[in-house]
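**Q** What follows is a structure written as structure tokens; I'll ask about it next.
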Amino acid sequence: MDQYRVFGNPIKHSRSPYIHQAFAKETGQELNYQSQLVELDAFEQDIKTFAQAGGKGGNVTVPFKEQALALCDQVSKRAALAGAVNTLSFRDGQILGDNTDGIGLVKDLLDHKVTLTGSRILLIGAGGAAKGVVLPLLEQAPQQLVIANRTLSKAEQICQQVSDNRLTCCTFERTKDYDFDVIINATSASLDGRLPAIPETVIAGVGVCYDMVYAKELTPFLVWAKQAGASKVIDGLGMLVAQAAESFNIWRGVMPSTDEVLCQLRADLD
């Protein structure tokens with residue numbers, strides 16, 4: 001039976017084994033998918049050991065996504081821009097890397113009937129999570145994509161790498177100079193109960209606010225966005241499932257449905 005893993009530290013919380021086993025059952029695929037705790041200094045060795053033992057592929061979560069990129073013989077364009085890999089494939093003695101986070105985000109937004117084409121989008125943050133979604137968002141033909149970050153130089157670096165006239169950047173404070181239809185929080189602030197330091201006036205009247213983080217209750221960012229006047233708020237659980245579906249498709253050549261798995265995960269949170 002084909003073997004797959006998700007590698008991370010910590011890893012106990014990972015929902016990937018449940019998601020991928022559900023995908024396998026739905027699509028009639030024979031595979032075994034498990035989680036593996038990796039010691040902080042053992043990532044490269046653990047990946048190579050798994051590949052040499054016949055493993056077919058793996059997902060990578062914190063804190064190893066950047067190390068995964070360095071391990072790969074080939075990487076996708078979106079992974080190269082992200083500077084991070086979350087999907088590994090082992091073929092013919094080579095390690096192939098991809099980043100499915102942006103595809104997952106876009107699918108979840110579209111599943112929620114969010115219009116991206118022609119929209120003015122604000123992406124908050126310029127770390128790995130933000131880098132991973134820039135190209136897939138631009139592929140949806142927005143009117144404008146603005147990256148806002150506390151340290152402007154990090155956002156500027158992404159703009160220079162991509163070189164697209166629809167893409168620009170600014171500090172958190174300067175977001176007040178723009179009007180947005182969609183705001184996406186790609187920072188980890190909600191994990192710590194914090195808010196990104198953008199002016200509250202930027203939220204008022206915005207159609208959609210999205211947080212890549214998810215929880216049982218609305219995240220602090222989404223609570224704030226709703227109070228500030230956002231018409232629709234969405235958390236990142238659907239992104240998690242959709243990026244997993246893209247990984248599954250890369251490995252198995254079949255795209256699973258995400259609806260049933262997402263409903264079950266949402267119920268498990270309640």
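Residue numbering restarts at 1 in every chain; chains get A, B, ... in the order shown in the structure tokens, and ligands count up from 1 in that same order.
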Where in range 62-248 of chain A does DSSP assign strand (DSSP E), given as a PyMOL selection string?
**A** chain A and resi 74-75+87-91+94-98+120-124+144-148+167-170+182-185+208-211+232-234
**Q** Would you save the residues of that selection, restricted to C-alpha atoms, as a tab-separated table (two decimals), in the first residue's frame?
**A**
```tsv
chain	number	residue	atom	x	y	z
A	74	GLN	CA	12.55	20.56	-8.46
A	75	VAL	CA	9.96	23.04	-7.16
A	87	THR	CA	3.76	19.09	-0.57
A	88	LEU	CA	6.55	16.64	-1.40
A	89	SER	CA	6.47	13.94	-4.08
A	90	PHE	CA	9.13	11.25	-4.36
A	91	ARG	CA	9.64	10.07	-7.95
A	94	GLN	CA	14.04	12.87	-6.93
A	95	ILE	CA	12.18	15.08	-4.47
A	96	LEU	CA	9.60	17.37	-6.07
A	97	GLY	CA	8.13	20.27	-4.11
A	98	ASP	CA	4.95	22.30	-4.40
A	120	ARG	CA	-9.45	45.06	-4.92
A	121	ILE	CA	-7.75	42.71	-2.46
A	122	LEU	CA	-5.74	43.48	0.66
A	123	LEU	CA	-3.34	40.79	1.86
A	124	ILE	CA	-2.18	41.44	5.42
A	144	GLN	CA	-5.49	45.20	-7.50
A	145	LEU	CA	-3.63	43.18	-4.87
A	146	VAL	CA	-2.04	45.18	-2.05
A	147	ILE	CA	0.32	43.55	0.44
A	148	ALA	CA	0.46	45.38	3.76
A	167	LEU	CA	0.56	44.12	-7.24
A	168	THR	CA	1.65	46.84	-4.84
A	169	CYS	CA	2.50	47.18	-1.15
A	170	CYS	CA	2.23	49.54	1.78
A	182	VAL	CA	-11.71	41.57	0.05
A	183	ILE	CA	-9.30	41.57	3.01
A	184	ILE	CA	-7.23	38.45	3.80
A	185	ASN	CA	-5.32	38.10	7.07
A	208	VAL	CA	-15.37	39.94	2.74
A	209	CYS	CA	-12.79	39.48	5.50
A	210	TYR	CA	-10.92	36.17	5.57
A	211	ASP	CA	-8.60	34.81	8.25
A	232	LYS	CA	-19.03	38.52	5.38
A	233	VAL	CA	-16.36	36.83	7.51
A	234	ILE	CA	-14.71	33.45	6.74
```
**Q** To test your reading of the structure, identify every residue in range 108-224 of chain A that backbone DSSP assigns to alpha helix (DSSP H), and report it as number ranges by chain.
**A** A: 108-111, 128-138, 152-162, 220-224
**Q** Which neighbours of Thr219 in chain A fall inside 12 Å, counting only C-alpha atoms, when residues of the same chain fewer than 2 positions from it are skipped, and could you give them as a count of residues only?
**A** 29
**Q** Can you tell me, as a PyMOL selection string, what residues are no more than 9 Å from Leu109 in chain A when counting only C-alpha atoms, ignoring any on the same chain fewer than 5 positions away?
**A** chain A and resi 104+114-116+210+234+238-239
**Q** Filtering to N, CA, C and O atoms, could you give me those residues as a PDB file, in the first residue's frame?
**A**
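Result saved to selection-v2.pdb:
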```
ATOM      1  N   GLY A 104      -5.573  26.366  -2.221  1.00  0.00           N
ATOM      2  CA  GLY A 104      -6.579  26.097  -1.203  1.00  0.00           C
ATOM      3  C   GLY A 104      -7.350  27.340  -0.812  1.00  0.00           C
ATOM      4  O   GLY A 104      -8.575  27.310  -0.650  1.00  0.00           O
ATOM      5  N   VAL A 114     -17.201  34.229  -3.235  1.00  0.00           N
ATOM      6  CA  VAL A 114     -16.480  35.497  -3.185  1.00  0.00           C
ATOM      7  C   VAL A 114     -15.947  35.822  -4.579  1.00  0.00           C
ATOM      8  O   VAL A 114     -15.295  34.984  -5.215  1.00  0.00           O
ATOM      9  N   THR A 115     -16.225  37.004  -5.063  1.00  0.00           N
ATOM     10  CA  THR A 115     -15.743  37.437  -6.377  1.00  0.00           C
ATOM     11  C   THR A 115     -14.315  37.957  -6.250  1.00  0.00           C
ATOM     12  O   THR A 115     -14.051  38.906  -5.501  1.00  0.00           O
ATOM     13  N   LEU A 116     -13.389  37.317  -6.970  1.00  0.00           N
ATOM     14  CA  LEU A 116     -11.998  37.746  -6.962  1.00  0.00           C
ATOM     15  C   LEU A 116     -11.640  38.503  -8.240  1.00  0.00           C
ATOM     16  O   LEU A 116     -10.869  39.459  -8.212  1.00  0.00           O
ATOM     17  N   TYR A 210     -11.301  37.584   5.478  1.00  0.00           N
ATOM     18  CA  TYR A 210     -10.924  36.175   5.569  1.00  0.00           C
ATOM     19  C   TYR A 210      -9.712  36.049   6.478  1.00  0.00           C
ATOM     20  O   TYR A 210      -8.757  36.818   6.361  1.00  0.00           O
ATOM     21  N   ILE A 234     -14.981  34.865   7.029  1.00  0.00           N
ATOM     22  CA  ILE A 234     -14.709  33.453   6.742  1.00  0.00           C
ATOM     23  C   ILE A 234     -13.391  33.068   7.395  1.00  0.00           C
ATOM     24  O   ILE A 234     -12.400  33.798   7.291  1.00  0.00           O
ATOM     25  N   GLY A 238     -11.753  25.884   5.615  1.00  0.00           N
ATOM     26  CA  GLY A 238     -11.960  25.445   4.235  1.00  0.00           C
ATOM     27  C   GLY A 238     -10.682  25.472   3.425  1.00  0.00           C
ATOM     28  O   GLY A 238     -10.459  24.620   2.544  1.00  0.00           O
ATOM     29  N   MET A 239      -9.808  26.424   3.714  1.00  0.00           N
ATOM     30  CA  MET A 239      -8.502  26.491   3.059  1.00  0.00           C
ATOM     31  C   MET A 239      -7.672  25.265   3.402  1.00  0.00           C
ATOM     32  O   MET A 239      -7.004  24.690   2.533  1.00  0.00           O
TER      33      MET A 239
END
```
**Q** Fewer than 2 positions away in the same chain doesn't count, so skip those; otherwise give me all residues within 9 Å of Leu105 in chain A, counting only C-alpha atoms, as a PyMOL selection string.
**A** chain A and resi 100-103+107-110+133+136-137+212+236+238-240+242-243
**Q** Find the residues around range 39-48 of chain A up to 9 Å (only C-alpha atoms counted), leave out those fewer than 2 positions away in its own chain, and share them as a list in words.
**A**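 Within the cut-off, the hits are Phe7, Gly8, Asn9, Leu37, Phe50, Ala51, Gln52, Ala53, Gly58, Pro63, Phe64, Gln67, Ala68 and Leu71 of chain A.
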**Q** Residues of the last selection are to be written out with N, CA, C and O atoms, as a CSV table (one decimal), in the first residue's frame.
**A**
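Final file, out-v2.csv:
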```csv
chain,number,residue,atom,x,y,z
A,7,PHE,N,4.7,15.7,8.1
A,7,PHE,CA,5.9,15.9,8.9
A,7,PHE,C,5.8,17.2,9.6
A,7,PHE,O,5.6,18.3,8.9
A,8,GLY,N,6.0,17.3,10.9
A,8,GLY,CA,5.9,18.5,11.6
A,8,GLY,C,6.3,18.4,13.1
A,8,GLY,O,6.6,17.3,13.6
A,9,ASN,N,6.4,19.5,13.8
A,9,ASN,CA,6.7,19.6,15.2
A,9,ASN,C,6.2,20.9,15.8
A,9,ASN,O,6.8,22.0,15.5
A,37,LEU,N,6.1,12.9,14.0
A,37,LEU,CA,6.8,14.0,14.7
A,37,LEU,C,8.2,14.0,14.3
A,37,LEU,O,8.9,12.9,14.4
A,50,PHE,N,12.3,8.2,4.8
A,50,PHE,CA,10.9,7.8,4.3
A,50,PHE,C,10.9,7.6,2.8
A,50,PHE,O,10.3,6.6,2.3
A,51,ALA,N,11.6,8.5,2.1
A,51,ALA,CA,11.6,8.3,0.6
A,51,ALA,C,12.3,7.0,0.2
A,51,ALA,O,11.9,6.3,-0.7
A,52,GLN,N,13.4,6.8,0.8
A,52,GLN,CA,14.2,5.6,0.5
A,52,GLN,C,13.5,4.3,0.9
A,52,GLN,O,13.7,3.2,0.3
A,53,ALA,N,12.6,4.4,1.8
A,53,ALA,CA,11.8,3.2,2.2
A,53,ALA,C,10.6,3.0,1.3
A,53,ALA,O,9.8,2.1,1.5
A,58,GLY,N,4.6,13.4,0.8
A,58,GLY,CA,4.4,13.9,2.2
A,58,GLY,C,3.9,15.4,2.2
A,58,GLY,O,4.2,16.1,1.3
A,63,PRO,N,7.7,23.5,11.8
A,63,PRO,CA,8.4,24.7,11.3
A,63,PRO,C,9.4,24.3,10.1
A,63,PRO,O,10.4,24.9,9.9
A,64,PHE,N,9.0,23.3,9.3
A,64,PHE,CA,9.9,22.8,8.3
A,64,PHE,C,9.6,23.1,6.8
A,64,PHE,O,10.3,22.6,5.9
A,67,GLN,N,12.8,24.5,5.1
A,67,GLN,CA,13.8,23.4,4.9
A,67,GLN,C,13.4,22.4,3.8
A,67,GLN,O,14.2,21.9,3.1
A,68,ALA,N,12.1,22.2,3.7
A,68,ALA,CA,11.6,21.3,2.6
A,68,ALA,C,11.9,21.9,1.3
A,68,ALA,O,12.3,21.1,0.4
A,71,LEU,N,15.4,21.0,0.3
A,71,LEU,CA,15.7,19.6,0.0
A,71,LEU,C,15.3,19.2,-1.4
A,71,LEU,O,15.8,18.2,-1.9
```
**Q** May I ask which of the residues A:Ala155, A:Met1, A:Gly57, A:Val62 is the closest one to Ala130 in chain A, counting only C-alpha atoms?
**A** A:Ala155
**Q** I'd like the interatomic distance between CA of Ser76 in chain A and CA of Ser119 in chain A, to a tenth of an Å.
**A**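 Between CA of Ser76 in chain A and CA of Ser119 in chain A the gap works out to 26.1 Å.
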**Q** In Å, rounded to a single decimal, give me how far CA of Gly229 in chain A is from CA of Gly205 in chain A.
**A**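 Computing it gives 5.7 Å between the two atoms.
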